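Note: the block below is work12.pdb and it holds PDB, C-alpha atoms.
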```
ATOM      1  CA  MET A   7     -25.530  47.690-175.114
ATOM      2  CA  ALA A   8     -26.998  48.003-178.610
ATOM      3  CA  PHE A   9     -30.295  46.598-177.334
ATOM      4  CA  VAL A  10     -30.436  49.186-174.534
ATOM      5  CA  LEU A  11     -29.786  52.027-176.992
ATOM      6  CA  PHE A  12     -32.381  50.626-179.425
ATOM      7  CA  SER A  13     -34.942  50.288-176.610
ATOM      8  CA  ALA A  14     -34.307  53.841-175.452
ATOM      9  CA  ALA A  15     -34.689  55.161-179.002
ATOM     10  CA  VAL A  16     -37.951  53.253-179.530
ATOM     11  CA  SER A  17     -39.265  54.444-176.164
ATOM     12  CA  ALA A  18     -38.429  58.072-176.914
ATOM     13  CA  GLN A  19     -39.975  57.802-180.365
ATOM     14  CA  ALA A  20     -43.155  56.202-178.976
ATOM     15  CA  HIS A  21     -43.780  59.267-176.837
ATOM     16  CA  ASN A  22     -43.672  61.582-179.848
ATOM     17  CA  PHE A  23     -47.147  60.427-180.870
ATOM     18  CA  HIS A  24     -50.092  60.920-178.535
ATOM     19  CA  ALA A  25     -53.384  59.291-179.398
ATOM     20  CA  GLY A  26     -56.650  58.126-177.949
ATOM     21  CA  ILE A  27     -59.353  55.918-179.383
ATOM     22  CA  THR A  28     -63.001  56.002-178.403
ATOM     23  CA  ASP A  29     -65.586  53.490-179.572
ATOM     24  CA  ILE A  30     -69.250  54.448-179.356
ATOM     25  CA  SER A  31     -71.959  51.875-180.029
ATOM     26  CA  PHE A  32     -75.549  51.060-179.165
ATOM     27  CA  ASN A  33     -76.160  47.904-177.143
ATOM     28  CA  ALA A  34     -79.599  46.630-178.198
ATOM     29  CA  ARG A  35     -79.661  44.174-175.285
ATOM     30  CA  THR A  36     -79.411  46.933-172.640
ATOM     31  CA  GLY A  37     -80.908  49.782-174.694
ATOM     32  CA  SER A  38     -77.904  51.940-173.845
ATOM     33  CA  THR A  39     -75.221  53.694-175.856
ATOM     34  CA  GLU A  40     -71.799  52.515-174.695
ATOM     35  CA  VAL A  41     -68.608  54.583-174.808
ATOM     36  CA  VAL A  42     -65.159  53.017-174.386
ATOM     37  CA  HIS A  43     -62.074  55.256-174.354
ATOM     38  CA  THR A  44     -58.519  53.916-174.655
ATOM     39  CA  TYR A  45     -55.483  56.087-173.910
ATOM     40  CA  MET A  46     -51.782  55.427-173.438
ATOM     41  CA  ALA A  47     -51.125  54.870-169.746
ATOM     42  CA  HIS A  48     -47.986  57.005-169.778
ATOM     43  CA  ASP A  49     -49.932  59.975-171.182
ATOM     44  CA  VAL A  50     -52.730  59.672-168.609
ATOM     45  CA  GLU A  51     -50.190  59.408-165.778
ATOM     46  CA  ALA A  52     -48.323  62.484-167.061
ATOM     47  CA  LEU A  53     -51.569  64.461-167.411
ATOM     48  CA  LEU A  54     -52.746  63.716-163.871
ATOM     49  CA  ALA A  55     -49.290  64.281-162.349
ATOM     50  CA  ASN A  56     -49.064  67.617-164.163
ATOM     51  CA  MET A  57     -52.523  68.699-163.009
ATOM     52  CA  TYR A  58     -52.125  67.672-159.350
ATOM     53  CA  GLN A  59     -48.338  67.422-158.777
ATOM     54  CA  ARG A  60     -48.545  63.881-157.431
ATOM     55  CA  GLN A  61     -48.499  60.283-158.618
ATOM     56  CA  PHE A  62     -51.776  58.478-159.263
ATOM     57  CA  ASP A  63     -52.792  54.857-158.827
ATOM     58  CA  LEU A  64     -55.857  54.172-160.948
ATOM     59  CA  SER A  65     -56.628  51.041-158.964
ATOM     60  CA  GLN A  66     -57.631  53.384-156.110
ATOM     61  CA  PRO A  67     -61.218  54.745-156.084
ATOM     62  CA  ASP A  68     -60.143  58.294-155.088
ATOM     63  CA  ASP A  69     -57.706  58.485-157.999
ATOM     64  CA  GLN A  70     -60.319  57.062-160.378
ATOM     65  CA  GLU A  71     -62.655  59.846-159.235
ATOM     66  CA  VAL A  72     -60.106  62.495-160.247
ATOM     67  CA  LEU A  73     -59.862  60.920-163.707
ATOM     68  CA  ARG A  74     -63.668  60.658-163.940
ATOM     69  CA  LYS A  75     -64.102  64.383-163.285
ATOM     70  CA  TYR A  76     -61.509  65.240-165.917
ATOM     71  CA  ILE A  77     -63.049  62.959-168.557
ATOM     72  CA  GLU A  78     -66.550  64.310-167.891
ATOM     73  CA  ARG A  79     -65.254  67.880-168.382
ATOM     74  CA  GLN A  80     -63.462  67.025-171.607
ATOM     75  CA  PHE A  81     -65.765  64.530-173.373
ATOM     76  CA  TRP A  82     -69.497  64.503-173.956
ATOM     77  CA  LEU A  83     -72.246  63.650-176.395
ATOM     78  CA  GLN A  84     -74.709  66.376-177.241
ATOM     79  CA  GLY A  85     -78.298  65.511-178.048
ATOM     80  CA  GLN A  86     -80.371  66.867-180.872
ATOM     81  CA  ASP A  87     -81.884  69.308-178.349
ATOM     82  CA  GLN A  88     -78.392  70.881-177.798
ATOM     83  CA  ARG A  89     -78.145  69.400-174.270
ATOM     84  CA  LYS A  90     -75.465  67.029-173.040
ATOM     85  CA  LEU A  91     -76.617  63.430-172.878
ATOM     86  CA  PRO A  92     -76.031  62.044-169.386
ATOM     87  CA  LEU A  93     -73.087  59.633-169.477
ATOM     88  CA  ARG A  94     -72.856  57.308-166.491
ATOM     89  CA  TRP A  95     -69.333  56.405-165.401
ATOM     90  CA  VAL A  96     -69.099  52.608-165.511
ATOM     91  CA  GLY A  97     -65.446  52.268-164.554
ATOM     92  CA  VAL A  98     -61.808  52.232-165.543
ATOM     93  CA  THR A  99     -59.187  49.552-166.084
ATOM     94  CA  ALA A 100     -55.484  50.272-166.343
ATOM     95  CA  ASP A 101     -52.320  48.353-167.023
ATOM     96  CA  ALA A 102     -48.755  49.336-167.889
ATOM     97  CA  LEU A 103     -49.682  50.209-171.479
ATOM     98  CA  SER A 104     -53.221  51.553-171.545
ATOM     99  CA  VAL A 105     -56.084  53.061-169.615
ATOM    100  CA  MET A 106     -59.599  52.075-170.646
ATOM    101  CA  ILE A 107     -62.560  54.136-169.484
ATOM    102  CA  TYR A 108     -66.148  52.922-169.727
ATOM    103  CA  GLN A 109     -69.239  55.144-169.852
ATOM    104  CA  GLU A 110     -72.814  54.676-170.996
ATOM    105  CA  ALA A 111     -75.860  56.728-171.859
ATOM    106  CA  GLU A 112     -78.423  54.544-170.128
ATOM    107  CA  GLN A 113     -81.582  53.708-172.032
ATOM    108  CA  THR A 114     -80.512  56.098-174.784
ATOM    109  CA  PRO A 115     -80.178  55.053-178.412
ATOM    110  CA  LEU A 116     -77.220  56.399-180.358
ATOM    111  CA  SER A 117     -79.672  58.123-182.701
ATOM    112  CA  LYS A 118     -80.369  60.668-179.923
ATOM    113  CA  ALA A 119     -76.798  61.993-180.155
ATOM    114  CA  ALA A 120     -76.080  64.773-182.630
ATOM    115  CA  LEU A 121     -72.566  65.916-181.727
ATOM    116  CA  VAL A 122     -69.391  64.595-180.104
ATOM    117  CA  HIS A 123     -67.183  66.886-178.012
ATOM    118  CA  ASP A 124     -63.700  65.488-177.349
ATOM    119  CA  GLU A 125     -60.910  67.528-175.742
ATOM    120  CA  VAL A 126     -59.386  64.691-173.728
ATOM    121  CA  MET A 127     -55.689  65.425-173.322
ATOM    122  CA  THR A 128     -55.640  68.004-176.139
ATOM    123  CA  ASP A 129     -55.413  70.653-173.401
ATOM    124  CA  PHE A 130     -52.220  69.000-172.126
ATOM    125  CA  LEU A 131     -50.590  67.527-175.235
ATOM    126  CA  PRO A 132     -50.815  69.871-178.242
ATOM    127  CA  ASP A 133     -50.187  67.001-180.675
ATOM    128  CA  GLN A 134     -52.817  64.698-179.119
ATOM    129  CA  VAL A 135     -55.132  63.149-181.725
ATOM    130  CA  ASN A 136     -58.320  61.445-180.607
ATOM    131  CA  THR A 137     -60.140  59.089-182.953
ATOM    132  CA  VAL A 138     -63.805  58.363-182.268
ATOM    133  CA  ASN A 139     -65.365  55.371-183.999
ATOM    134  CA  ILE A 140     -69.163  55.429-184.185
ATOM    135  CA  ASN A 141     -70.574  51.926-184.692
ATOM    136  CA  GLU A 142     -74.099  52.358-185.995
ATOM    137  CA  ASN A 143     -76.411  50.404-188.294
ATOM    138  CA  GLY A 144     -73.719  47.868-189.180
ATOM    139  CA  GLY A 145     -71.206  50.523-190.259
ATOM    140  CA  VAL A 146     -68.419  52.498-188.637
ATOM    141  CA  ARG A 147     -67.811  56.216-189.076
ATOM    142  CA  THR A 148     -64.614  57.768-187.796
ATOM    143  CA  LEU A 149     -64.260  61.288-186.399
ATOM    144  CA  ASN A 150     -60.903  62.859-185.548
ATOM    145  CA  PHE A 151     -60.273  65.473-182.867
ATOM    146  CA  ASP A 152     -57.194  67.514-182.012
ATOM    147  CA  SER A 153     -56.279  70.748-180.235
ATOM    148  CA  LYS A 154     -58.002  72.758-182.991
ATOM    149  CA  THR A 155     -61.150  70.638-183.323
ATOM    150  CA  ALA A 156     -63.206  69.744-180.248
ATOM    151  CA  ASP A 157     -66.691  69.349-181.759
ATOM    152  CA  ARG A 158     -67.878  67.210-184.642
ATOM    153  CA  PRO A 159     -71.420  66.400-185.758
ATOM    154  CA  LEU A 160     -72.271  62.732-185.446
ATOM    155  CA  ARG A 161     -73.983  62.672-188.836
TER     156      ARG A 161
END
```
As a first step, turn the structure in this file into structure tokens.
Amino acid sequence: MAFVLFSAAVSAQAHNFHAGITDISFNARTGSTEVVHTYMAHDVEALLANMYQRQFDLSQPDDQEVLRKYIERQFWLQGQDQRKLPLRWVGVTADALSVMIYQEAEQTPLSKAALVHDEVMTDFLPDQVNTVNINENGGVRTLNFDSKTADRPLR
């Protein structure tokens, strides 16, 4: 009984913190900038269920498409010319704990990006904090986003 109560308390506490991590890096082999987002599966499921009043199965292409459209509305890289850099959807993997989303700016070096826009889940979870790690020139810079901050310069 104590274990059940402890598990319930830990589970409830775990849902008090909502976070996402995005890693952005240049792949010299492909010449593309790669973007990998990681979110808590429970939060993504709750977001999609709230938006569409149904359950989602991210192993299904139609449900992945719904997530793709949302991510593309909420996250982008802006170039030095003030235009969005085209991010190609590579795919998504999901398990019981996390959802990982893969995008890439094909044949585009990271140096072309000037700004990161990240509102993923901050429209749904007011305490959502998204951390973006920029891996460039052997170093990592970290940018934080929340419901009050959607845009940050890359440099």
Please provide the set of residues having any atom within 12 Å of stretch 69-73 of chain A, restricted to only C-alpha atoms, with same-chain residues fewer than 4 positions apart removed, written as a VMD selection string.
-> chain A and resid 50 to 51 53 to 55 57 to 58 60 to 65 77 to 81 95 to 100 105 to 108 126 to 127
Choose the residue, out of A:Asp152, A:Asp87, A:Glu142, A:Asp29, that has the smallest atom-to-atom separation from A:Val42; count all atoms listed in the file.
->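 Closest to A:Val42 of all the choices is A:Asp29.
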Could you pull the residues within 10 Å of stretch 143-148 of chain A, counting all atoms listed in the file, minus those fewer than 2 positions along the same chain, as a PDB file with C-alpha atoms, keeping the file's coordinate frame?
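Result file follows (around.pdb):
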```
ATOM      1  CA  THR A  28     -63.001  56.002-178.403  1.00  0.00           C
ATOM      2  CA  ASP A  29     -65.586  53.490-179.572  1.00  0.00           C
ATOM      3  CA  ILE A  30     -69.250  54.448-179.356  1.00  0.00           C
ATOM      4  CA  SER A  31     -71.959  51.875-180.029  1.00  0.00           C
ATOM      5  CA  PHE A  32     -75.549  51.060-179.165  1.00  0.00           C
ATOM      6  CA  LEU A 116     -77.220  56.399-180.358  1.00  0.00           C
ATOM      7  CA  THR A 137     -60.140  59.089-182.953  1.00  0.00           C
ATOM      8  CA  VAL A 138     -63.805  58.363-182.268  1.00  0.00           C
ATOM      9  CA  ASN A 139     -65.365  55.371-183.999  1.00  0.00           C
ATOM     10  CA  ILE A 140     -69.163  55.429-184.185  1.00  0.00           C
ATOM     11  CA  ASN A 141     -70.574  51.926-184.692  1.00  0.00           C
ATOM     12  CA  ASN A 150     -60.903  62.859-185.548  1.00  0.00           C
ATOM     13  CA  LEU A 160     -72.271  62.732-185.446  1.00  0.00           C
ATOM     14  CA  ARG A 161     -73.983  62.672-188.836  1.00  0.00           C
TER      15      ARG A 161
END
```
Determine the nearest neighbour of A:Arg74 from the options A:Arg35, A:His24, A:His123, A:Arg94, counting all atoms listed in the file.
-> A:Arg94
In Å, how far is it from atom CA of A:Lys90 to atom CA of A:Arg158?
->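 Computing it gives 13.9 Å between the two atoms.
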Evaluate the PyMOL selection byres ((chain A and resi 46) around 8) and record the selected residues as a ChimeraX atom specification, following the chain and residue labels used in the document.
-> /A:24-26,44-45,47-50,103-105
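Comparing A:Gln66, A:Gln59, A:Asn22, A:Thr114 by their smallest distance to A:Leu83, the closest is A:Thr114 (using only C-alpha atoms).
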Residue among A:Leu93, A:Asp157, A:Lys75, A:Asp101 lying closest to A:Asp124, counting only C-alpha atoms | A:Asp157
Point-to-point distance in Å for atom CA of A:Ala52 and atom CA of A:Leu121 |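 Separation of atom CA of A:Leu121 and atom CA of A:Ala52: 28.5 Å.
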What does the distance between atom CA of A:Asn33 and atom CA of A:Lys118 come to in Å, to one decimal place?
->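 Atom-to-atom, atom CA of A:Asn33 and atom CA of A:Lys118 are spaced 13.7 Å apart.
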Can you tell me, as lines of an AutoDock Vina configuration file, the centre and edge lengths (Å, one decimal) of the axis-aligned box enclosing all of stretch 31-44 of chain A's listed atoms after padding each side by 5 Å?
```
center_x = -69.7
center_y = 49.7
center_z = -176.3
size_x = 32.4
size_y = 21.1
size_z = 17.4
```
Convert the output of the PyMOL selection byres ((chain A and resi 120) around 6) on the shown file into explicit residues, formatted as a PyMOL selection string.
-> chain A and resi 84-86+119+121+159-160
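Among the candidates A:Ser153, A:Gln113, A:Asp133, A:Val122, the residue lying nearest to A:Ala34 is A:Gln113 (atoms considered: all atoms listed in the file).
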Determine the residue membership of the PyMOL selection byres ((chain A and resi 110) around 6) for the file above and supply it as a PyMOL selection string.
-> chain A and resi 39-41+93-94+109+111-112
